[in-house]
$ cat work_7.cif   # mmCIF, N, CA and C atoms
data_protein
loop_
_atom_site.label_atom_id
_atom_site.label_comp_id
_atom_site.auth_asym_id
_atom_site.auth_seq_id
_atom_site.Cartn_x
_atom_site.Cartn_y
_atom_site.Cartn_z
N MET A 1263 -31.59 72.95 73.02
CA MET A 1263 -31.68 73.20 74.45
C MET A 1263 -30.91 72.14 75.24
N ASN A 1264 -31.02 70.88 74.80
CA ASN A 1264 -30.31 69.81 75.48
C ASN A 1264 -28.80 69.98 75.41
N VAL A 1265 -28.34 70.49 74.28
CA VAL A 1265 -26.90 70.71 74.11
C VAL A 1265 -26.42 71.76 75.09
N LEU A 1266 -27.21 72.80 75.28
CA LEU A 1266 -26.85 73.85 76.22
C LEU A 1266 -26.81 73.32 77.65
N ILE A 1267 -27.78 72.51 78.01
CA ILE A 1267 -27.82 71.94 79.36
C ILE A 1267 -26.64 70.99 79.56
N ASN A 1268 -26.33 70.18 78.55
CA ASN A 1268 -25.17 69.30 78.65
C ASN A 1268 -23.88 70.09 78.81
N ALA A 1269 -23.74 71.15 78.06
CA ALA A 1269 -22.54 71.99 78.15
C ALA A 1269 -22.43 72.62 79.55
N LEU A 1270 -23.56 73.07 80.08
CA LEU A 1270 -23.57 73.66 81.41
C LEU A 1270 -23.19 72.62 82.46
N PHE A 1271 -23.77 71.42 82.35
CA PHE A 1271 -23.44 70.37 83.30
C PHE A 1271 -21.97 70.00 83.21
N ASN A 1272 -21.45 69.86 81.99
CA ASN A 1272 -20.03 69.51 81.83
C ASN A 1272 -19.13 70.58 82.42
N THR A 1273 -19.49 71.83 82.22
CA THR A 1273 -18.70 72.92 82.79
C THR A 1273 -18.72 72.88 84.31
N LEU A 1274 -19.89 72.67 84.90
CA LEU A 1274 -19.99 72.58 86.36
C LEU A 1274 -19.25 71.36 86.88
N SER A 1275 -19.33 70.26 86.17
CA SER A 1275 -18.64 69.04 86.58
C SER A 1275 -17.13 69.24 86.55
N ILE A 1276 -16.63 69.88 85.52
CA ILE A 1276 -15.19 70.17 85.44
C ILE A 1276 -14.78 71.11 86.57
N PHE A 1277 -15.59 72.12 86.84
CA PHE A 1277 -15.30 73.06 87.93
C PHE A 1277 -15.23 72.33 89.27
N LEU A 1278 -16.18 71.44 89.53
CA LEU A 1278 -16.18 70.69 90.79
C LEU A 1278 -14.97 69.75 90.88
N THR A 1279 -14.57 69.17 89.77
CA THR A 1279 -13.39 68.32 89.75
C THR A 1279 -12.13 69.12 90.04
N VAL A 1280 -12.04 70.31 89.48
CA VAL A 1280 -10.89 71.18 89.76
C VAL A 1280 -10.84 71.54 91.24
N ILE A 1281 -12.00 71.84 91.82
CA ILE A 1281 -12.07 72.14 93.25
C ILE A 1281 -11.60 70.94 94.06
N GLU A 1282 -12.00 69.74 93.66
CA GLU A 1282 -11.55 68.53 94.38
C GLU A 1282 -10.03 68.40 94.32
N PHE A 1283 -9.43 68.63 93.15
CA PHE A 1283 -7.97 68.53 93.03
C PHE A 1283 -7.27 69.60 93.87
N ILE A 1284 -7.85 70.78 93.93
CA ILE A 1284 -7.27 71.83 94.76
C ILE A 1284 -7.35 71.44 96.23
N LEU A 1285 -8.46 70.84 96.63
CA LEU A 1285 -8.59 70.36 98.02
C LEU A 1285 -7.58 69.27 98.32
N ILE A 1286 -7.37 68.36 97.37
CA ILE A 1286 -6.37 67.30 97.57
C ILE A 1286 -4.99 67.92 97.74
N ALA A 1287 -4.66 68.90 96.92
CA ALA A 1287 -3.37 69.58 97.04
C ALA A 1287 -3.23 70.23 98.41
N ARG A 1288 -4.29 70.84 98.88
CA ARG A 1288 -4.25 71.49 100.20
C ARG A 1288 -4.03 70.47 101.30
N VAL A 1289 -4.71 69.33 101.21
CA VAL A 1289 -4.54 68.28 102.23
C VAL A 1289 -3.10 67.77 102.23
N VAL A 1290 -2.57 67.48 101.05
CA VAL A 1290 -1.21 66.95 100.97
C VAL A 1290 -0.21 67.98 101.49
N ILE A 1291 -0.39 69.23 101.11
CA ILE A 1291 0.54 70.27 101.56
C ILE A 1291 0.45 70.47 103.07
N SER A 1292 -0.72 70.27 103.65
CA SER A 1292 -0.85 70.44 105.10
C SER A 1292 -0.06 69.38 105.87
N TRP A 1293 0.24 68.26 105.23
CA TRP A 1293 1.03 67.21 105.88
C TRP A 1293 2.53 67.47 105.79
N LEU A 1294 2.94 68.34 104.89
CA LEU A 1294 4.36 68.59 104.64
C LEU A 1294 4.84 69.81 105.43
N PRO A 1295 6.10 69.77 105.84
CA PRO A 1295 6.64 70.93 106.58
C PRO A 1295 7.05 72.05 105.63
N ILE A 1296 6.06 72.68 105.02
CA ILE A 1296 6.31 73.76 104.06
C ILE A 1296 5.75 75.05 104.64
N SER A 1297 6.49 76.13 104.44
CA SER A 1297 6.04 77.43 104.92
C SER A 1297 4.79 77.87 104.15
N LYS A 1298 3.85 78.45 104.86
CA LYS A 1298 2.61 78.92 104.23
C LYS A 1298 2.78 80.30 103.59
N ASP A 1299 4.00 80.82 103.59
CA ASP A 1299 4.26 82.14 103.02
C ASP A 1299 4.50 82.10 101.52
N HIS A 1300 4.65 80.93 100.95
CA HIS A 1300 4.88 80.81 99.50
C HIS A 1300 3.62 81.22 98.76
N PRO A 1301 3.73 81.98 97.67
CA PRO A 1301 2.54 82.46 96.94
C PRO A 1301 1.61 81.34 96.46
N ALA A 1302 2.16 80.21 96.02
CA ALA A 1302 1.31 79.11 95.55
C ALA A 1302 0.50 78.52 96.70
N ILE A 1303 1.13 78.40 97.85
CA ILE A 1303 0.43 77.85 99.02
C ILE A 1303 -0.59 78.85 99.53
N GLU A 1304 -0.25 80.12 99.52
CA GLU A 1304 -1.22 81.14 99.90
C GLU A 1304 -2.44 81.10 98.96
N PHE A 1305 -2.20 80.88 97.68
CA PHE A 1305 -3.29 80.75 96.71
C PHE A 1305 -4.19 79.56 97.05
N LEU A 1306 -3.59 78.41 97.36
CA LEU A 1306 -4.38 77.22 97.74
C LEU A 1306 -5.25 77.51 98.96
N TYR A 1307 -4.66 78.15 99.96
CA TYR A 1307 -5.42 78.45 101.17
C TYR A 1307 -6.51 79.48 100.89
N THR A 1308 -6.23 80.44 100.02
CA THR A 1308 -7.23 81.45 99.68
C THR A 1308 -8.42 80.83 98.95
N ILE A 1309 -8.15 79.86 98.09
CA ILE A 1309 -9.22 79.21 97.33
C ILE A 1309 -10.02 78.24 98.20
N THR A 1310 -9.34 77.49 99.06
CA THR A 1310 -10.02 76.42 99.80
C THR A 1310 -10.61 76.85 101.14
N GLU A 1311 -10.09 77.89 101.72
CA GLU A 1311 -10.59 78.28 103.05
C GLU A 1311 -12.07 78.67 103.06
N PRO A 1312 -12.60 79.36 102.05
CA PRO A 1312 -14.04 79.64 102.07
C PRO A 1312 -14.91 78.37 102.00
N ILE A 1313 -14.34 77.28 101.51
CA ILE A 1313 -15.08 76.01 101.47
C ILE A 1313 -14.95 75.28 102.80
N LEU A 1314 -13.74 75.25 103.35
CA LEU A 1314 -13.48 74.45 104.54
C LEU A 1314 -13.87 75.13 105.85
N SER A 1315 -13.76 76.43 105.91
CA SER A 1315 -14.04 77.14 107.16
C SER A 1315 -15.47 76.95 107.67
N PRO A 1316 -16.50 77.08 106.83
CA PRO A 1316 -17.87 76.85 107.34
C PRO A 1316 -18.08 75.41 107.80
N ILE A 1317 -17.44 74.47 107.13
CA ILE A 1317 -17.56 73.06 107.53
C ILE A 1317 -16.90 72.86 108.89
N ARG A 1318 -15.73 73.45 109.09
CA ARG A 1318 -15.05 73.35 110.39
C ARG A 1318 -15.91 73.92 111.51
N LYS A 1319 -16.56 75.06 111.23
CA LYS A 1319 -17.43 75.67 112.25
C LYS A 1319 -18.58 74.75 112.61
N LEU A 1320 -19.16 74.10 111.60
CA LEU A 1320 -20.25 73.16 111.87
C LEU A 1320 -19.76 71.95 112.67
N ILE A 1321 -18.57 71.47 112.37
CA ILE A 1321 -18.00 70.34 113.11
C ILE A 1321 -17.76 70.74 114.56
N GLN A 1322 -17.23 71.95 114.78
CA GLN A 1322 -16.96 72.40 116.15
C GLN A 1322 -18.23 72.53 116.97
N LYS A 1323 -19.35 72.88 116.31
CA LYS A 1323 -20.62 73.02 117.02
C LYS A 1323 -21.27 71.67 117.28
N SER A 1324 -20.84 70.64 116.56
CA SER A 1324 -21.44 69.32 116.71
C SER A 1324 -20.83 68.59 117.90
N ILE A 1325 -21.34 67.40 118.16
CA ILE A 1325 -20.81 66.62 119.28
C ILE A 1325 -19.42 66.06 118.98
N PHE A 1326 -19.02 66.09 117.70
CA PHE A 1326 -17.71 65.59 117.31
C PHE A 1326 -16.62 66.65 117.43
N GLY A 1327 -17.03 67.89 117.59
CA GLY A 1327 -16.08 69.00 117.57
C GLY A 1327 -15.44 69.23 118.92
N GLY A 1328 -14.66 70.25 118.94
CA GLY A 1328 -13.96 70.63 120.15
C GLY A 1328 -12.58 71.14 119.82
N LYS A 1329 -11.94 71.75 120.80
CA LYS A 1329 -10.62 72.31 120.56
C LYS A 1329 -9.54 71.25 120.50
N GLY A 1330 -9.81 70.07 121.01
CA GLY A 1330 -8.79 69.03 121.06
C GLY A 1330 -8.77 68.11 119.86
N MET A 1331 -9.45 68.49 118.79
CA MET A 1331 -9.47 67.61 117.62
C MET A 1331 -8.10 67.56 116.96
N MET A 1332 -7.62 66.35 116.73
CA MET A 1332 -6.30 66.20 116.12
C MET A 1332 -6.39 66.10 114.61
N LEU A 1333 -7.51 65.65 114.09
CA LEU A 1333 -7.68 65.50 112.64
C LEU A 1333 -8.72 66.48 112.14
N ASP A 1334 -8.48 67.01 110.97
CA ASP A 1334 -9.42 67.93 110.33
C ASP A 1334 -10.23 67.14 109.30
N PHE A 1335 -11.49 66.92 109.61
CA PHE A 1335 -12.36 66.15 108.72
C PHE A 1335 -13.09 67.02 107.71
N SER A 1336 -12.85 68.32 107.73
CA SER A 1336 -13.56 69.21 106.81
C SER A 1336 -13.29 68.91 105.34
N PRO A 1337 -12.07 68.53 104.93
CA PRO A 1337 -11.90 68.18 103.51
C PRO A 1337 -12.71 66.94 103.11
N LEU A 1338 -12.79 65.97 103.99
CA LEU A 1338 -13.58 64.77 103.70
C LEU A 1338 -15.05 65.13 103.51
N ILE A 1339 -15.58 65.96 104.38
CA ILE A 1339 -16.97 66.38 104.27
C ILE A 1339 -17.17 67.22 103.01
N ALA A 1340 -16.18 68.05 102.67
CA ALA A 1340 -16.27 68.84 101.44
C ALA A 1340 -16.33 67.93 100.22
N PHE A 1341 -15.51 66.86 100.21
CA PHE A 1341 -15.57 65.90 99.10
C PHE A 1341 -16.94 65.25 99.00
N LEU A 1342 -17.52 64.90 100.14
CA LEU A 1342 -18.86 64.29 100.12
C LEU A 1342 -19.91 65.26 99.59
N ILE A 1343 -19.81 66.51 99.98
CA ILE A 1343 -20.76 67.52 99.50
C ILE A 1343 -20.60 67.74 98.00
N ILE A 1344 -19.35 67.83 97.54
CA ILE A 1344 -19.11 68.02 96.10
C ILE A 1344 -19.64 66.83 95.31
N ASP A 1345 -19.42 65.62 95.83
CA ASP A 1345 -19.92 64.42 95.16
C ASP A 1345 -21.45 64.42 95.12
N PHE A 1346 -22.08 64.84 96.21
CA PHE A 1346 -23.55 64.92 96.25
C PHE A 1346 -24.05 65.92 95.21
N ILE A 1347 -23.42 67.07 95.14
CA ILE A 1347 -23.83 68.10 94.16
C ILE A 1347 -23.69 67.57 92.74
N ASN A 1348 -22.58 66.89 92.47
CA ASN A 1348 -22.34 66.35 91.14
C ASN A 1348 -23.39 65.30 90.77
N LYS A 1349 -23.70 64.42 91.70
CA LYS A 1349 -24.71 63.38 91.44
C LYS A 1349 -26.11 63.99 91.31
N PHE A 1350 -26.40 65.00 92.11
CA PHE A 1350 -27.69 65.67 92.02
C PHE A 1350 -27.86 66.33 90.65
N LEU A 1351 -26.81 67.02 90.20
CA LEU A 1351 -26.87 67.68 88.89
C LEU A 1351 -27.04 66.64 87.77
N ARG A 1352 -26.34 65.51 87.89
CA ARG A 1352 -26.43 64.47 86.88
C ARG A 1352 -27.85 63.90 86.83
N SER A 1353 -28.44 63.61 88.00
CA SER A 1353 -29.80 63.06 88.00
C SER A 1353 -30.81 64.09 87.51
N PHE A 1354 -30.58 65.37 87.81
CA PHE A 1354 -31.45 66.42 87.32
C PHE A 1354 -31.38 66.51 85.80
N LEU A 1355 -30.18 66.38 85.25
CA LEU A 1355 -30.00 66.44 83.81
C LEU A 1355 -30.68 65.25 83.11
N GLU A 1356 -30.63 64.08 83.73
CA GLU A 1356 -31.25 62.90 83.14
C GLU A 1356 -32.78 63.03 83.07
N ARG A 1357 -33.35 63.79 83.97
CA ARG A 1357 -34.81 63.95 83.99
C ARG A 1357 -35.30 64.93 82.93
N ILE A 1358 -34.42 65.78 82.46
CA ILE A 1358 -34.82 66.79 81.49
C ILE A 1358 -34.87 66.20 80.10
#

$ encode --input "work_7.cif" --output "structure tokens"
Amino acid sequence: MNVLINALFNTLSIFLTVIEFILIARVVISWLPISKDHPAIEFLYTITEPILSPIRKLIQKSIFGGKGMMLDFSPLIAFLIIDFINKFLRSFLERI
């Protein structure tokens, strides 16, 4: 049973790490003057937008939000959430 739980945790951890790398790619690409019509860039936006869009909406509703925001902090918050999930899963696994 422990082997199965370890395998599940490792799989989830790898998945979260892949998501982090995809988010990093999206952030870097957003700084470059590249057209968003390229299939690879469309793929990045398709994968990351369901993660970043709800965070952006929450930021806009908060006191930090507004239409005049020059920086998008949603990737940073997404990284923090992913890190929290990873640490929570690790501590949960240690208790079993």

$ closest_residue --input "work_7.cif" --among "A:Leu1285, A:Leu1274, A:Val1265, A:Leu1314" --to "A:Lys1349" --atoms "only C-alpha atoms"
A:Leu1274

$ residues_around --input "work_7.cif" --residues "A:Asn1268" --least-positions-apart "2" --cutoff "12 Å" --atoms "only C-alpha atoms" --output "PDB file with N, CA and C atoms, keeping the file's coordinate frame"
ATOM      1  N   MET A1263     -31.590  72.950  73.020  1.00  0.00           N
ATOM      2  CA  MET A1263     -31.680  73.200  74.450  1.00  0.00           C
ATOM      3  C   MET A1263     -30.910  72.140  75.240  1.00  0.00           C
ATOM      4  N   ASN A1264     -31.020  70.880  74.800  1.00  0.00           N
ATOM      5  CA  ASN A1264     -30.310  69.810  75.480  1.00  0.00           C
ATOM      6  C   ASN A1264     -28.800  69.980  75.410  1.00  0.00           C
ATOM      7  N   VAL A1265     -28.340  70.490  74.280  1.00  0.00           N
ATOM      8  CA  VAL A1265     -26.900  70.710  74.110  1.00  0.00           C
ATOM      9  C   VAL A1265     -26.420  71.760  75.090  1.00  0.00           C
ATOM     10  N   LEU A1266     -27.210  72.800  75.280  1.00  0.00           N
ATOM     11  CA  LEU A1266     -26.850  73.850  76.220  1.00  0.00           C
ATOM     12  C   LEU A1266     -26.810  73.320  77.650  1.00  0.00           C
ATOM     13  N   LEU A1270     -23.560  73.070  80.080  1.00  0.00           N
ATOM     14  CA  LEU A1270     -23.570  73.660  81.410  1.00  0.00           C
ATOM     15  C   LEU A1270     -23.190  72.620  82.460  1.00  0.00           C
ATOM     16  N   PHE A1271     -23.770  71.420  82.350  1.00  0.00           N
ATOM     17  CA  PHE A1271     -23.440  70.370  83.300  1.00  0.00           C
ATOM     18  C   PHE A1271     -21.970  70.000  83.210  1.00  0.00           C
ATOM     19  N   ASN A1272     -21.450  69.860  81.990  1.00  0.00           N
ATOM     20  CA  ASN A1272     -20.030  69.510  81.830  1.00  0.00           C
ATOM     21  C   ASN A1272     -19.130  70.580  82.420  1.00  0.00           C
ATOM     22  N   THR A1273     -19.490  71.830  82.220  1.00  0.00           N
ATOM     23  CA  THR A1273     -18.700  72.920  82.790  1.00  0.00           C
ATOM     24  C   THR A1273     -18.720  72.880  84.310  1.00  0.00           C
ATOM     25  N   LEU A1274     -19.890  72.670  84.900  1.00  0.00           N
ATOM     26  CA  LEU A1274     -19.990  72.580  86.360  1.00  0.00           C
ATOM     27  C   LEU A1274     -19.250  71.360  86.880  1.00  0.00           C
ATOM     28  N   SER A1275     -19.330  70.260  86.170  1.00  0.00           N
ATOM     29  CA  SER A1275     -18.640  69.040  86.580  1.00  0.00           C
ATOM     30  C   SER A1275     -17.130  69.240  86.550  1.00  0.00           C
ATOM     31  N   LEU A1351     -26.810  67.020  90.200  1.00  0.00           N
ATOM     32  CA  LEU A1351     -26.870  67.680  88.890  1.00  0.00           C
ATOM     33  C   LEU A1351     -27.040  66.640  87.770  1.00  0.00           C
ATOM     34  N   ARG A1352     -26.340  65.510  87.890  1.00  0.00           N
ATOM     35  CA  ARG A1352     -26.430  64.470  86.880  1.00  0.00           C
ATOM     36  C   ARG A1352     -27.850  63.900  86.830  1.00  0.00           C
ATOM     37  N   PHE A1354     -30.580  65.370  87.810  1.00  0.00           N
ATOM     38  CA  PHE A1354     -31.450  66.420  87.320  1.00  0.00           C
ATOM     39  C   PHE A1354     -31.380  66.510  85.800  1.00  0.00           C
ATOM     40  N   LEU A1355     -30.180  66.380  85.250  1.00  0.00           N
ATOM     41  CA  LEU A1355     -30.000  66.440  83.810  1.00  0.00           C
ATOM     42  C   LEU A1355     -30.680  65.250  83.110  1.00  0.00           C
ATOM     43  N   GLU A1356     -30.630  64.080  83.730  1.00  0.00           N
ATOM     44  CA  GLU A1356     -31.250  62.900  83.140  1.00  0.00           C
ATOM     45  C   GLU A1356     -32.780  63.030  83.070  1.00  0.00           C
ATOM     46  N   ILE A1358     -34.420  65.780  82.460  1.00  0.00           N
ATOM     47  CA  ILE A1358     -34.820  66.790  81.490  1.00  0.00           C
ATOM     48  C   ILE A1358     -34.870  66.200  80.100  1.00  0.00           C
TER      49      ILE A1358
END

$ atom_distance --input "work_7.cif" --atom1 "atom N of A:Arg1318" --atom2 "atom CA of A:Ile1303"
19.5 Å

$ atom_distance --input "work_7.cif" --atom1 "atom CA of A:Phe1350" --atom2 "atom CA of A:Leu1338"
18.3 Å

$ atom_distance --input "work_7.cif" --atom1 "atom CA of A:Leu1306" --atom2 "atom CA of A:Ala1269"
27.2 Å

$ residues_around --input "work_7.cif" --residues "A:Ala1340" --least-positions-apart "4" --cutoff "10 Å" --atoms "only C-alpha atoms" --output "list of chain:residue names"
A:Ile1281, A:Glu1282, A:Leu1285, A:Thr1310, A:Ile1313, A:Leu1314, A:Ile1317, A:Phe1335, A:Ser1336, A:Ile1344, A:Asp1345, A:Phe1346

$ resolve_selection --input "work_7.cif" --expression "the PyMOL selection byres (((chain A and resi 1321 and name CA) around 12) and name CA)" --output "PyMOL selection string"
chain A and resi 1314-1320+1322-1329+1331+1333-1340

$ write_last_selection --input "work_7.cif" --atoms "N, CA and C atoms" --output "PDB file, in the frame of the given file"
ATOM      1  N   LEU A1314     -13.740  75.250 103.350  1.00  0.00           N
ATOM      2  CA  LEU A1314     -13.480  74.450 104.540  1.00  0.00           C
ATOM      3  C   LEU A1314     -13.870  75.130 105.850  1.00  0.00           C
ATOM      4  N   SER A1315     -13.760  76.430 105.910  1.00  0.00           N
ATOM      5  CA  SER A1315     -14.040  77.140 107.160  1.00  0.00           C
ATOM      6  C   SER A1315     -15.470  76.950 107.670  1.00  0.00           C
ATOM      7  N   PRO A1316     -16.500  77.080 106.830  1.00  0.00           N
ATOM      8  CA  PRO A1316     -17.870  76.850 107.340  1.00  0.00           C
ATOM      9  C   PRO A1316     -18.080  75.410 107.800  1.00  0.00           C
ATOM     10  N   ILE A1317     -17.440  74.470 107.130  1.00  0.00           N
ATOM     11  CA  ILE A1317     -17.560  73.060 107.530  1.00  0.00           C
ATOM     12  C   ILE A1317     -16.900  72.860 108.890  1.00  0.00           C
ATOM     13  N   ARG A1318     -15.730  73.450 109.090  1.00  0.00           N
ATOM     14  CA  ARG A1318     -15.050  73.350 110.390  1.00  0.00           C
ATOM     15  C   ARG A1318     -15.910  73.920 111.510  1.00  0.00           C
ATOM     16  N   LYS A1319     -16.560  75.060 111.230  1.00  0.00           N
ATOM     17  CA  LYS A1319     -17.430  75.670 112.250  1.00  0.00           C
ATOM     18  C   LYS A1319     -18.580  74.750 112.610  1.00  0.00           C
ATOM     19  N   LEU A1320     -19.160  74.100 111.600  1.00  0.00           N
ATOM     20  CA  LEU A1320     -20.250  73.160 111.870  1.00  0.00           C
ATOM     21  C   LEU A1320     -19.760  71.950 112.670  1.00  0.00           C
ATOM     22  N   GLN A1322     -17.230  71.950 114.780  1.00  0.00           N
ATOM     23  CA  GLN A1322     -16.960  72.400 116.150  1.00  0.00           C
ATOM     24  C   GLN A1322     -18.230  72.530 116.970  1.00  0.00           C
ATOM     25  N   LYS A1323     -19.350  72.880 116.310  1.00  0.00           N
ATOM     26  CA  LYS A1323     -20.620  73.020 117.020  1.00  0.00           C
ATOM     27  C   LYS A1323     -21.270  71.670 117.280  1.00  0.00           C
ATOM     28  N   SER A1324     -20.840  70.640 116.560  1.00  0.00           N
ATOM     29  CA  SER A1324     -21.440  69.320 116.710  1.00  0.00           C
ATOM     30  C   SER A1324     -20.830  68.590 117.900  1.00  0.00           C
ATOM     31  N   ILE A1325     -21.340  67.400 118.160  1.00  0.00           N
ATOM     32  CA  ILE A1325     -20.810  66.620 119.280  1.00  0.00           C
ATOM     33  C   ILE A1325     -19.420  66.060 118.980  1.00  0.00           C
ATOM     34  N   PHE A1326     -19.020  66.090 117.700  1.00  0.00           N
ATOM     35  CA  PHE A1326     -17.710  65.590 117.310  1.00  0.00           C
ATOM     36  C   PHE A1326     -16.620  66.650 117.430  1.00  0.00           C
ATOM     37  N   GLY A1327     -17.030  67.890 117.590  1.00  0.00           N
ATOM     38  CA  GLY A1327     -16.080  69.000 117.570  1.00  0.00           C
ATOM     39  C   GLY A1327     -15.440  69.230 118.920  1.00  0.00           C
ATOM     40  N   GLY A1328     -14.660  70.250 118.940  1.00  0.00           N
ATOM     41  CA  GLY A1328     -13.960  70.630 120.150  1.00  0.00           C
ATOM     42  C   GLY A1328     -12.580  71.140 119.820  1.00  0.00           C
ATOM     43  N   LYS A1329     -11.940  71.750 120.800  1.00  0.00           N
ATOM     44  CA  LYS A1329     -10.620  72.310 120.560  1.00  0.00           C
ATOM     45  C   LYS A1329      -9.540  71.250 120.500  1.00  0.00           C
ATOM     46  N   MET A1331      -9.450  68.490 118.790  1.00  0.00           N
ATOM     47  CA  MET A1331      -9.470  67.610 117.620  1.00  0.00           C
ATOM     48  C   MET A1331      -8.100  67.560 116.960  1.00  0.00           C
ATOM     49  N   LEU A1333      -7.510  65.650 114.090  1.00  0.00           N
ATOM     50  CA  LEU A1333      -7.680  65.500 112.640  1.00  0.00           C
ATOM     51  C   LEU A1333      -8.720  66.480 112.140  1.00  0.00           C
ATOM     52  N   ASP A1334      -8.480  67.010 110.970  1.00  0.00           N
ATOM     53  CA  ASP A1334      -9.420  67.930 110.330  1.00  0.00           C
ATOM     54  C   ASP A1334     -10.230  67.140 109.300  1.00  0.00           C
ATOM     55  N   PHE A1335     -11.490  66.920 109.610  1.00  0.00           N
ATOM     56  CA  PHE A1335     -12.360  66.150 108.720  1.00  0.00           C
ATOM     57  C   PHE A1335     -13.090  67.020 107.710  1.00  0.00           C
ATOM     58  N   SER A1336     -12.850  68.320 107.730  1.00  0.00           N
ATOM     59  CA  SER A1336     -13.560  69.210 106.810  1.00  0.00           C
ATOM     60  C   SER A1336     -13.290  68.910 105.340  1.00  0.00           C
ATOM     61  N   PRO A1337     -12.070  68.530 104.930  1.00  0.00           N
ATOM     62  CA  PRO A1337     -11.900  68.180 103.510  1.00  0.00           C
ATOM     63  C   PRO A1337     -12.710  66.940 103.110  1.00  0.00           C
ATOM     64  N   LEU A1338     -12.790  65.970 103.990  1.00  0.00           N
ATOM     65  CA  LEU A1338     -13.580  64.770 103.700  1.00  0.00           C
ATOM     66  C   LEU A1338     -15.050  65.130 103.510  1.00  0.00           C
ATOM     67  N   ILE A1339     -15.580  65.960 104.380  1.00  0.00           N
ATOM     68  CA  ILE A1339     -16.970  66.380 104.270  1.00  0.00           C
ATOM     69  C   ILE A1339     -17.170  67.220 103.010  1.00  0.00           C
ATOM     70  N   ALA A1340     -16.180  68.050 102.670  1.00  0.00           N
ATOM     71  CA  ALA A1340     -16.270  68.840 101.440  1.00  0.00           C
ATOM     72  C   ALA A1340     -16.330  67.930 100.220  1.00  0.00           C
TER      73      ALA A1340
END

$ select_by_dssp --input "work_7.cif" --residues "chain A" --states "helix (DSSP H, G or I)" --output "count of residues only"
75
